[in-house]
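Structure below is entry36.csv: CSV, C-alpha atoms and all ligand atoms.
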chain,number,residue,atom,x,y,z
V,762,MET,CA,0.0,0.0,0.0
V,763,THR,CA,1.4,3.4,-1.0
V,764,ASP,CA,1.6,5.9,1.8
V,765,LEU,CA,-0.4,9.1,1.7
V,766,SER,CA,0.9,12.4,2.9
V,767,VAL,CA,-1.9,15.0,3.1
V,768,ASN,CA,-0.9,18.6,2.2
V,769,VAL,CA,-2.9,20.9,4.3
V,770,ASP,CA,-1.7,24.2,2.7
V,771,HIS,CA,-5.2,25.1,1.4
V,772,VAL,CA,-6.8,24.8,4.7
V,773,ALA,CA,-4.5,27.7,5.6
V,774,THR,CA,-5.4,29.4,2.4
V,775,LEU,CA,-9.0,29.6,3.5
V,776,ARG,CA,-8.0,30.8,6.9
V,777,GLN,CA,-5.7,33.5,5.5
V,778,ALA,CA,-8.5,34.7,3.2
V,779,ARG,CA,-10.1,36.2,6.4
V,780,LYS,CA,-6.9,36.4,8.4
V,781,ALA,CA,-9.0,34.5,11.0
V,782,ALA,CA,-8.1,31.7,13.4
V,783,PHE,CA,-10.0,29.0,11.4
V,784,PRO,CA,-10.0,26.7,9.6
V,785,ASP,CA,-6.9,25.4,11.4
V,786,PRO,CA,-4.5,23.3,9.4
V,787,VAL,CA,-3.4,21.6,12.6
V,788,GLU,CA,-6.9,20.4,13.2
V,789,ALA,CA,-7.1,19.2,9.6
V,790,ALA,CA,-3.8,17.4,10.0
V,791,GLU,CA,-5.1,15.6,13.1
V,792,ILE,CA,-8.2,14.4,11.2
V,793,ALA,CA,-6.1,13.3,8.2
V,794,GLU,CA,-3.8,11.2,10.4
V,795,ARG,CA,-6.8,9.7,12.2
V,796,GLN,CA,-8.2,8.6,8.8
V,797,GLY,CA,-5.0,6.9,7.8
V,798,ALA,CA,-2.6,9.5,6.3
V,799,THR,CA,0.9,8.4,7.1
V,800,GLY,CA,2.2,12.0,7.1
V,801,ILE,CA,1.4,15.7,6.7
V,802,THR,CA,3.0,18.0,4.1
V,803,ILE,CA,3.1,21.8,4.2
V,804,HIS,CA,4.8,24.3,2.0
V,805,LEU,CA,6.0,27.4,3.9
V,806,ARG,CA,6.3,29.9,1.1
V,807,SER,CA,8.4,33.0,1.2
V,808,ASP,CA,5.3,35.2,0.8
V,809,ARG,CA,3.5,33.3,3.6
V,810,ARG,CA,0.3,33.2,1.5
V,811,HIS,CA,-1.0,30.1,3.4
V,812,ILE,CA,1.1,28.2,5.9
V,813,GLN,CA,2.7,30.4,8.6
V,814,GLU,CA,5.8,29.7,10.7
V,815,SER,CA,3.5,29.2,13.7
V,816,ASP,CA,1.7,26.4,11.9
V,817,LEU,CA,5.0,24.7,11.3
V,818,ALA,CA,5.8,25.0,15.0
V,819,ARG,CA,2.5,23.6,16.1
V,820,LEU,CA,2.5,20.8,13.5
V,821,ARG,CA,6.0,19.8,14.7
V,822,GLU,CA,4.4,19.2,18.2
V,823,THR,CA,1.3,17.5,17.0
V,824,VAL,CA,1.9,15.4,13.8
V,825,LYS,CA,2.5,11.8,14.8
V,826,GLY,CA,3.6,10.4,11.5
V,827,LYS,CA,6.1,12.1,9.1
V,828,LEU,CA,6.1,15.9,8.9
V,829,ASN,CA,7.3,16.9,5.4
V,830,LEU,CA,8.2,20.5,4.8
V,831,GLU,CA,8.3,21.7,1.2
V,832,MET,CA,10.6,24.8,0.8
V,833,ALA,CA,12.7,26.8,-1.5
V,834,THR,CA,16.4,26.7,-1.2
V,835,THR,CA,16.8,30.1,0.4
V,836,GLU,CA,18.8,31.0,3.5
V,837,GLU,CA,15.6,32.1,5.3
V,838,MET,CA,13.9,28.7,4.8
V,839,THR,CA,17.1,26.7,5.6
V,840,THR,CA,17.3,28.6,9.0
V,841,ILE,CA,13.6,27.9,9.7
V,842,ALA,CA,13.9,24.2,8.8
V,843,LEU,CA,16.9,23.8,11.0
V,844,ARG,CA,15.0,25.5,13.8
V,845,TYR,CA,12.0,23.2,13.7
V,846,GLY,CA,13.5,20.0,12.4
V,847,PRO,CA,10.7,18.5,10.3
V,848,ASP,CA,11.2,14.8,9.6
V,849,GLN,CA,11.7,15.5,5.9
V,850,VAL,CA,12.3,18.5,3.7
V,851,SER,CA,11.3,18.5,0.0
V,852,LEU,CA,13.2,21.1,-1.9
V,853,VAL,CA,11.1,22.8,-4.5
V,854,PRO,CA,11.6,25.7,-6.9
V,855,GLU,CA,9.5,28.8,-6.0
V,856,ARG,CA,8.5,31.8,-8.1
V,857,PRO,CA,6.7,34.6,-6.3
V,858,GLU,CA,4.1,35.0,-9.0
V,859,GLU,CA,3.2,31.4,-9.4
V,860,VAL,CA,-0.2,30.1,-8.3
V,861,THR,CA,1.3,26.7,-7.3
V,862,THR,CA,4.7,24.9,-7.8
V,863,GLU,CA,5.1,25.0,-11.5
V,864,GLY,CA,7.6,22.3,-12.2
V,865,GLY,CA,10.5,20.4,-10.7
V,866,LEU,CA,13.9,21.7,-9.8
V,867,ASP,CA,16.3,22.0,-12.7
V,868,LEU,CA,19.3,20.3,-11.1
V,869,LEU,CA,21.5,20.9,-14.1
V,870,PRO,CA,22.0,24.7,-13.5
V,871,SER,CA,21.0,25.0,-9.9
V,872,GLY,CA,22.4,21.7,-8.5
V,873,GLU,CA,25.1,23.3,-6.4
V,874,ARG,CA,22.8,25.5,-4.4
V,875,VAL,CA,20.4,22.5,-3.8
V,876,VAL,CA,23.3,20.3,-2.6
V,877,ALA,CA,24.6,23.0,-0.2
V,878,VAL,CA,21.2,23.5,1.4
V,879,ALA,CA,20.6,19.7,1.5
V,880,LYS,CA,23.9,19.0,3.3
V,881,GLN,CA,23.0,21.5,6.1
V,882,LEU,CA,19.6,19.8,6.6
V,883,LYS,CA,21.1,16.3,6.4
V,884,ALA,CA,23.7,17.2,9.1
V,885,LYS,CA,20.7,17.8,11.4
V,886,GLY,CA,19.2,14.4,10.7
V,887,ILE,CA,16.5,15.7,8.3
V,888,VAL,CA,15.7,13.4,5.4
V,889,VAL,CA,16.1,15.4,2.1
V,890,SER,CA,14.0,14.9,-1.0
V,891,VAL,CA,14.0,17.0,-4.2
V,892,PHE,CA,11.0,17.7,-6.4
V,893,ILE,CA,11.8,16.9,-10.0
V,894,ASP,CA,10.0,16.4,-13.3
V,895,PRO,CA,9.9,12.8,-14.7
V,896,ASP,CA,12.8,13.6,-17.0
V,897,SER,CA,15.5,11.0,-17.2
V,898,ARG,CA,18.3,13.6,-17.6
V,899,GLN,CA,17.4,15.1,-14.2
V,900,ILE,CA,17.4,11.7,-12.6
V,901,GLU,CA,20.7,10.8,-14.2
V,902,HIS,CA,22.2,14.0,-12.9
V,903,LEU,CA,20.7,13.4,-9.5
V,904,LEU,CA,22.1,9.9,-9.3
V,905,SER,CA,25.6,11.0,-10.4
V,906,THR,CA,25.7,13.5,-7.6
V,907,ALA,CA,23.4,12.0,-5.0
V,908,ALA,CA,25.8,10.4,-2.6
V,909,GLY,CA,25.6,11.8,0.8
V,910,TRP,CA,23.1,14.5,0.5
V,911,VAL,CA,19.8,13.3,-0.8
V,912,GLU,CA,17.7,10.3,0.3
V,913,GLY,CA,15.0,10.4,-2.4
V,914,PHE,CA,13.1,12.5,-4.9
V,915,GLU,CA,9.5,13.4,-5.5
V,916,ILE,CA,8.3,13.0,-9.1
V,917,ASN,CA,6.2,15.8,-10.4
V,918,THR,CA,3.0,14.1,-11.6
V,919,ASP,CA,1.5,17.3,-13.0
V,920,SER,CA,2.0,16.6,-16.7
V,921,TYR,CA,0.4,13.2,-16.3
V,922,THR,CA,-2.6,14.7,-14.5
V,923,GLN,CA,-3.1,17.4,-17.2
V,924,ALA,CA,-3.0,14.8,-20.1
V,925,ASP,CA,-5.7,12.5,-21.5
V,926,GLY,CA,-5.7,9.2,-23.3
V,927,ALA,CA,-2.5,8.2,-25.1
V,928,ALA,CA,-0.7,11.3,-23.9
V,929,ALA,CA,-1.5,10.4,-20.3
V,930,GLN,CA,-0.2,6.9,-20.8
V,931,ALA,CA,3.0,8.3,-22.3
V,932,GLU,CA,3.4,10.6,-19.2
V,933,LEU,CA,2.7,7.6,-16.9
V,934,GLN,CA,5.5,5.7,-18.7
V,935,LYS,CA,7.9,8.5,-17.9
V,936,ILE,CA,7.0,8.2,-14.2
V,937,VAL,CA,7.5,4.4,-14.3
V,938,GLN,CA,10.9,4.9,-16.0
V,939,VAL,CA,12.2,7.5,-13.5
V,940,THR,CA,10.9,5.4,-10.6
V,941,SER,CA,12.9,2.4,-11.6
V,942,MET,CA,16.0,4.6,-12.3
V,943,GLY,CA,15.7,6.0,-8.8
V,944,LEU,CA,15.1,2.7,-7.1
V,945,ASP,CA,18.1,1.1,-9.0
V,946,GLY,CA,20.2,4.0,-7.8
V,947,GLY,CA,19.2,3.3,-4.2
V,948,LEU,CA,16.9,6.3,-3.7
V,949,ARG,CA,13.5,6.5,-2.2
V,950,VAL,CA,10.7,7.6,-4.6
V,951,PHE,CA,7.8,9.9,-3.8
V,952,ALA,CA,5.3,11.5,-6.2
V,953,GLY,CA,2.6,14.2,-6.3
V,954,HIS,CA,1.0,17.2,-7.8
V,955,GLY,CA,-2.5,17.4,-9.3
V,956,LEU,CA,-3.6,14.0,-8.2
V,957,THR,CA,-7.3,13.4,-7.7
V,958,THR,CA,-9.5,10.3,-7.0
V,959,ALA,CA,-10.0,10.1,-10.8
V,960,ASN,CA,-6.3,9.9,-11.7
V,961,VAL,CA,-4.5,8.6,-8.6
V,962,ARG,CA,-4.9,4.9,-9.1
V,963,ALA,CA,-2.4,4.4,-12.0
V,964,VAL,CA,0.3,6.3,-10.0
V,965,ALA,CA,-0.5,4.5,-6.7
V,966,SER,CA,-0.1,1.2,-8.6
V,967,ILE,CA,3.5,1.8,-9.7
V,968,PRO,CA,5.7,-0.5,-7.6
V,969,GLY,CA,8.3,1.3,-5.6
V,970,ILE,CA,6.6,4.7,-5.2
V,971,GLU,CA,6.6,4.9,-1.5
V,972,GLU,CA,4.3,7.9,-0.9
V,973,LEU,CA,2.0,10.3,-2.7
V,974,ASN,CA,1.7,13.9,-1.6
V,975,ILE,CA,-1.9,15.2,-2.2
V,976,GLY,CA,-3.4,18.5,-1.2
V,977,HIS,CA,-5.7,20.5,-3.4
V,978,SER,CA,-8.1,17.8,-4.4
V,979,ILE,CA,-8.5,16.5,-0.8
V,980,VAL,CA,-9.1,20.0,0.7
V,981,SER,CA,-11.5,20.9,-2.1
V,982,ARG,CA,-13.5,17.8,-1.6
V,983,ALA,CA,-13.5,18.3,2.1
V,984,VAL,CA,-15.2,21.7,1.7
V,985,LEU,CA,-18.0,20.1,-0.3
V,986,VAL,CA,-18.6,16.9,1.6
V,987,GLY,CA,-18.5,19.0,4.8
V,988,MET,CA,-21.1,21.5,3.6
V,989,GLU,CA,-24.1,19.3,4.6
V,990,GLU,CA,-22.9,19.0,8.3
V,991,ALA,CA,-21.9,22.7,8.5
V,992,VAL,CA,-25.3,24.0,7.3
V,993,SER,CA,-27.1,21.6,9.7
V,994,GLU,CA,-24.9,22.7,12.6
V,995,MET,CA,-25.7,26.4,11.8
V,996,LEU,CA,-29.5,25.7,11.6
V,997,ARG,CA,-29.3,23.9,14.9
V,998,ALA,CA,-27.5,26.8,16.5
V,999,MET,CA,-30.1,29.2,15.2
V,1000,ALA,CA,-33.1,27.2,16.4
V,1101,LIG,N1,4.2,18.1,-4.2
V,1101,LIG,C1,4.7,19.4,-4.3
V,1101,LIG,C2,6.2,19.5,-4.4
V,1101,LIG,C3,3.9,20.5,-4.3
V,1101,LIG,O1,4.4,21.7,-4.3
V,1101,LIG,C4,2.5,20.3,-4.1
V,1101,LIG,C5,1.6,21.5,-4.0
V,1101,LIG,O2,1.8,22.2,-2.9
V,1101,LIG,C6,2.0,19.0,-4.0
V,1101,LIG,C7,2.9,17.9,-4.1
V,1101,LIG,C8,0.6,18.7,-3.9
V,1101,LIG,O3,-0.1,19.0,-5.0
V,1101,LIG,P1,-1.7,19.1,-5.1
V,1101,LIG,O4,-2.1,20.2,-4.1
V,1101,LIG,O5,-2.0,19.5,-6.5
V,1101,LIG,O6,-2.2,17.8,-4.6

Spit out the file's structure as structure tokens when you get a sec.
Amino acid sequence: MTDLSVNVDHVATLRQARKAAFPDPVEAAEIAERQGATGITIHLRSDRRHIQESDLARLRETVKGKLNLEMATTEEMTTIALRYGPDQVSLVPERPEEVTTEGGLDLLPSGERVVAVAKQLKAKGIVVSVFIDPDSRQIEHLLSTAAGWVEGFEINTDSYTQADGAAAQAELQKIVQVTSMGLDGGLRVFAGHGLTTANVRAVASIPGIEELNIGHSIVSRAVLVGMEEAVSEMLRAMA
């Protein structure tokens, strides 16, 4: 069975829309773990548009499984990660104007910076993963430099989730290929981005992918399936 790490960023997005105290991503994380998630993922972005540093501090105290922090390779984020010590850090590219992470890290030009940050995290006992596209050149480069700083990588599944029919099958094959390259090279393999109940099965069936990171579709669905109870609660409170 593939592990599920639930990304609770968008619970915080809803909270930050009002700069209110709720909904609380820590409460969402507790529910997710109770329902069988093996870990919780958050992305502390430089612009703090959803998750705040205080959320990371509280999640560090409350998450029972693996706490995975997605972050850019900046000095600020490295200091924060070292301060709170999440179980895992997933290094991602970050562009201030982007709506969500737009693609994997390009290790060919930016590899040195990634390695330097990763080594500092690893020295503190944090597992380091890098988010990369299912591109065999990136994996080859990662494998040629991987020793001693990275434990695994997360495959960006976005292209697969955006494609249909034969194109989706071709994207899936790229994911299969880089998974086996990574496993042969002794790395742990994770995957995520854009996964929904409609497209997850094919990825969850790939042998060797240890964990899927899923956020937007779960939080979106939670809002709708929770609407019935929320309206009933309000009517009861009014009566
Ligand atoms: N993996 C990475 C590196 C991400 O940046 C995100 C989005 O925060 C996810 C996985 C989860 O993607 P989604 O929210 O589309 O499920």

Is there a way to get, as a PyMOL selection string, all residues within 9 Å of the point (10.7, 17.3, -3.5) in file coordinates, counting all atoms listed in the file?
chain V and resi 831-832+850-853+865-866+889-893+913-917+951-952

Exercise answer, 6 Å around ligand LIG 1101 (chain V) with only C-alpha atoms and all ligand atoms, as a short mmCIF file (atom, residue, chain, number, x, y, z; two decimals) with C-alpha atoms, in the frame of the given file:
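Contents of part04.cif, as written:
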data_model
loop_
_atom_site.label_atom_id
_atom_site.label_comp_id
_atom_site.auth_asym_id
_atom_site.auth_seq_id
_atom_site.Cartn_x
_atom_site.Cartn_y
_atom_site.Cartn_z
CA VAL V 853 11.10 22.80 -4.50
CA THR V 862 4.70 24.90 -7.80
CA PHE V 892 11.00 17.70 -6.40
CA GLY V 953 2.60 14.20 -6.30
CA HIS V 954 1.00 17.20 -7.80
CA GLY V 955 -2.50 17.40 -9.30
CA LEU V 956 -3.60 14.00 -8.20
CA ASN V 974 1.70 13.90 -1.60
CA ILE V 975 -1.90 15.20 -2.20
CA GLY V 976 -3.40 18.50 -1.20
CA HIS V 977 -5.70 20.50 -3.40
CA SER V 978 -8.10 17.80 -4.40
#

Any idea what's packed within 12 Å of Glu788 in chain V, counting only C-alpha atoms, ignoring anything in its chain fewer than 6 positions away? Could you give it as a VMD selection string?
chain V and resid 769 772 to 773 782 794 to 795 801 816 819 to 820 823 to 824

Residues near Leu933 in chain V, cut-off 8 Å, only C-alpha atoms, skip fewer than 6 positions along chain, as a ChimeraX atom specification
/V:921,963-964

Residues as selected, C-alpha atoms, written as a PDB file, keeping the file's coordinate frame, can you do that?
ATOM      1  CA  TYR V 921       0.400  13.200 -16.300  1.00  0.00           C
ATOM      2  CA  ALA V 963      -2.400   4.400 -12.000  1.00  0.00           C
ATOM      3  CA  VAL V 964       0.300   6.300 -10.000  1.00  0.00           C
TER       4      VAL V 964
END

Proximity to Ala789 in chain V - best of V:Val980, V:Pro857, V:Gly947, V:Gln881, only C-alpha atoms
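Going through V:Val980, V:Pro857, V:Gly947, V:Gln881 one by one, the smallest distance to Ala789 in chain V is for V:Val980.
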
So what do you get for CA of Val767 in chain V versus CA of Ala793 in chain V, distance-wise?
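Answer for the CA of Val767 in chain V to CA of Ala793 in chain V separation: 6.8 Å.
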
Rank nothing, just name the residue among V:Leu882, V:Ile936, V:Val961, V:Ala790 nearest to Thr839 in chain V, using only C-alpha atoms.
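Checking each candidate against Thr839 in chain V, we get V:Leu882 as the closest.
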
Supply range 916-946 of chain V as a tab-separated table (two decimals), in the coordinates of the input, with N, CA and C atoms built in where the input has gaps.
chain	number	residue	atom	x	y	z
V	916	ILE	N	8.56	12.77	-7.67
V	916	ILE	CA	8.30	13.00	-9.10
V	916	ILE	C	7.10	13.91	-9.25
V	917	ASN	N	7.26	14.92	-10.07
V	917	ASN	CA	6.20	15.80	-10.40
V	917	ASN	C	5.18	15.15	-11.31
V	918	THR	N	4.00	14.87	-10.82
V	918	THR	CA	3.00	14.10	-11.60
V	918	THR	C	2.09	15.08	-12.44
V	919	ASP	N	2.40	16.36	-12.41
V	919	ASP	CA	1.50	17.30	-13.00
V	919	ASP	C	1.19	17.07	-14.49
V	920	SER	N	2.24	16.79	-15.29
V	920	SER	CA	2.00	16.60	-16.70
V	920	SER	C	1.09	15.39	-16.97
V	921	TYR	N	1.27	14.34	-16.17
V	921	TYR	CA	0.40	13.20	-16.30
V	921	TYR	C	-1.07	13.59	-15.99
V	922	THR	N	-1.25	14.38	-14.92
V	922	THR	CA	-2.60	14.70	-14.50
V	922	THR	C	-3.31	15.67	-15.48
V	923	GLN	N	-2.49	16.40	-16.28
V	923	GLN	CA	-3.10	17.40	-17.20
V	923	GLN	C	-3.38	16.70	-18.58
V	924	ALA	N	-2.86	15.48	-18.80
V	924	ALA	CA	-3.00	14.80	-20.10
V	924	ALA	C	-4.16	13.86	-20.14
V	925	ASP	N	-4.59	13.53	-21.37
V	925	ASP	CA	-5.70	12.50	-21.50
V	925	ASP	C	-5.19	11.42	-22.45
V	926	GLY	N	-5.89	10.30	-22.40
V	926	GLY	CA	-5.70	9.20	-23.30
V	926	GLY	C	-4.27	8.77	-23.52
V	927	ALA	N	-3.82	8.71	-24.79
V	927	ALA	CA	-2.50	8.20	-25.10
V	927	ALA	C	-1.40	9.11	-24.48
V	928	ALA	N	-1.68	10.41	-24.46
V	928	ALA	CA	-0.70	11.30	-23.90
V	928	ALA	C	-0.51	11.07	-22.40
V	929	ALA	N	-1.60	10.76	-21.70
V	929	ALA	CA	-1.50	10.40	-20.30
V	929	ALA	C	-0.73	9.16	-20.05
V	930	GLN	N	-0.96	8.19	-20.94
V	930	GLN	CA	-0.20	6.90	-20.80
V	930	GLN	C	1.29	7.16	-21.04
V	931	ALA	N	1.61	8.04	-22.00
V	931	ALA	CA	3.00	8.30	-22.30
V	931	ALA	C	3.65	9.03	-21.03
V	932	GLU	N	2.90	9.93	-20.41
V	932	GLU	CA	3.40	10.60	-19.20
V	932	GLU	C	3.59	9.61	-18.06
V	933	LEU	N	2.64	8.67	-17.98
V	933	LEU	CA	2.70	7.60	-16.90
V	933	LEU	C	3.98	6.79	-17.12
V	934	GLN	N	4.29	6.49	-18.39
V	934	GLN	CA	5.50	5.70	-18.70
V	934	GLN	C	6.76	6.40	-18.21
V	935	LYS	N	6.76	7.74	-18.36
V	935	LYS	CA	7.90	8.50	-17.90
V	935	LYS	C	8.08	8.37	-16.37
V	936	ILE	N	6.93	8.37	-15.68
V	936	ILE	CA	7.00	8.20	-14.20
V	936	ILE	C	7.48	6.84	-13.84
V	937	VAL	N	6.99	5.82	-14.58
V	937	VAL	CA	7.50	4.40	-14.30
V	937	VAL	C	8.97	4.36	-14.54
V	938	GLN	N	9.43	4.98	-15.63
V	938	GLN	CA	10.90	4.90	-16.00
V	938	GLN	C	11.74	5.56	-14.92
V	939	VAL	N	11.38	6.77	-14.51
V	939	VAL	CA	12.20	7.50	-13.50
V	939	VAL	C	12.14	6.81	-12.15
V	940	THR	N	10.98	6.18	-11.88
V	940	THR	CA	10.90	5.40	-10.60
V	940	THR	C	11.89	4.32	-10.57
V	941	SER	N	11.95	3.54	-11.66
V	941	SER	CA	12.90	2.40	-11.60
V	941	SER	C	14.34	2.90	-11.65
V	942	MET	N	14.61	4.02	-12.35
V	942	MET	CA	16.00	4.60	-12.30
V	942	MET	C	16.36	4.95	-10.89
V	943	GLY	N	15.43	5.59	-10.20
V	943	GLY	CA	15.70	6.00	-8.80
V	943	GLY	C	15.91	4.85	-7.89
V	944	LEU	N	15.03	3.85	-8.00
V	944	LEU	CA	15.10	2.70	-7.10
V	944	LEU	C	16.46	1.95	-7.39
V	945	ASP	N	16.81	1.80	-8.68
V	945	ASP	CA	18.10	1.10	-9.00
V	945	ASP	C	19.27	1.88	-8.45
V	946	GLY	N	19.12	3.20	-8.37
V	946	GLY	CA	20.20	4.00	-7.80
V	946	GLY	C	20.17	4.11	-6.30
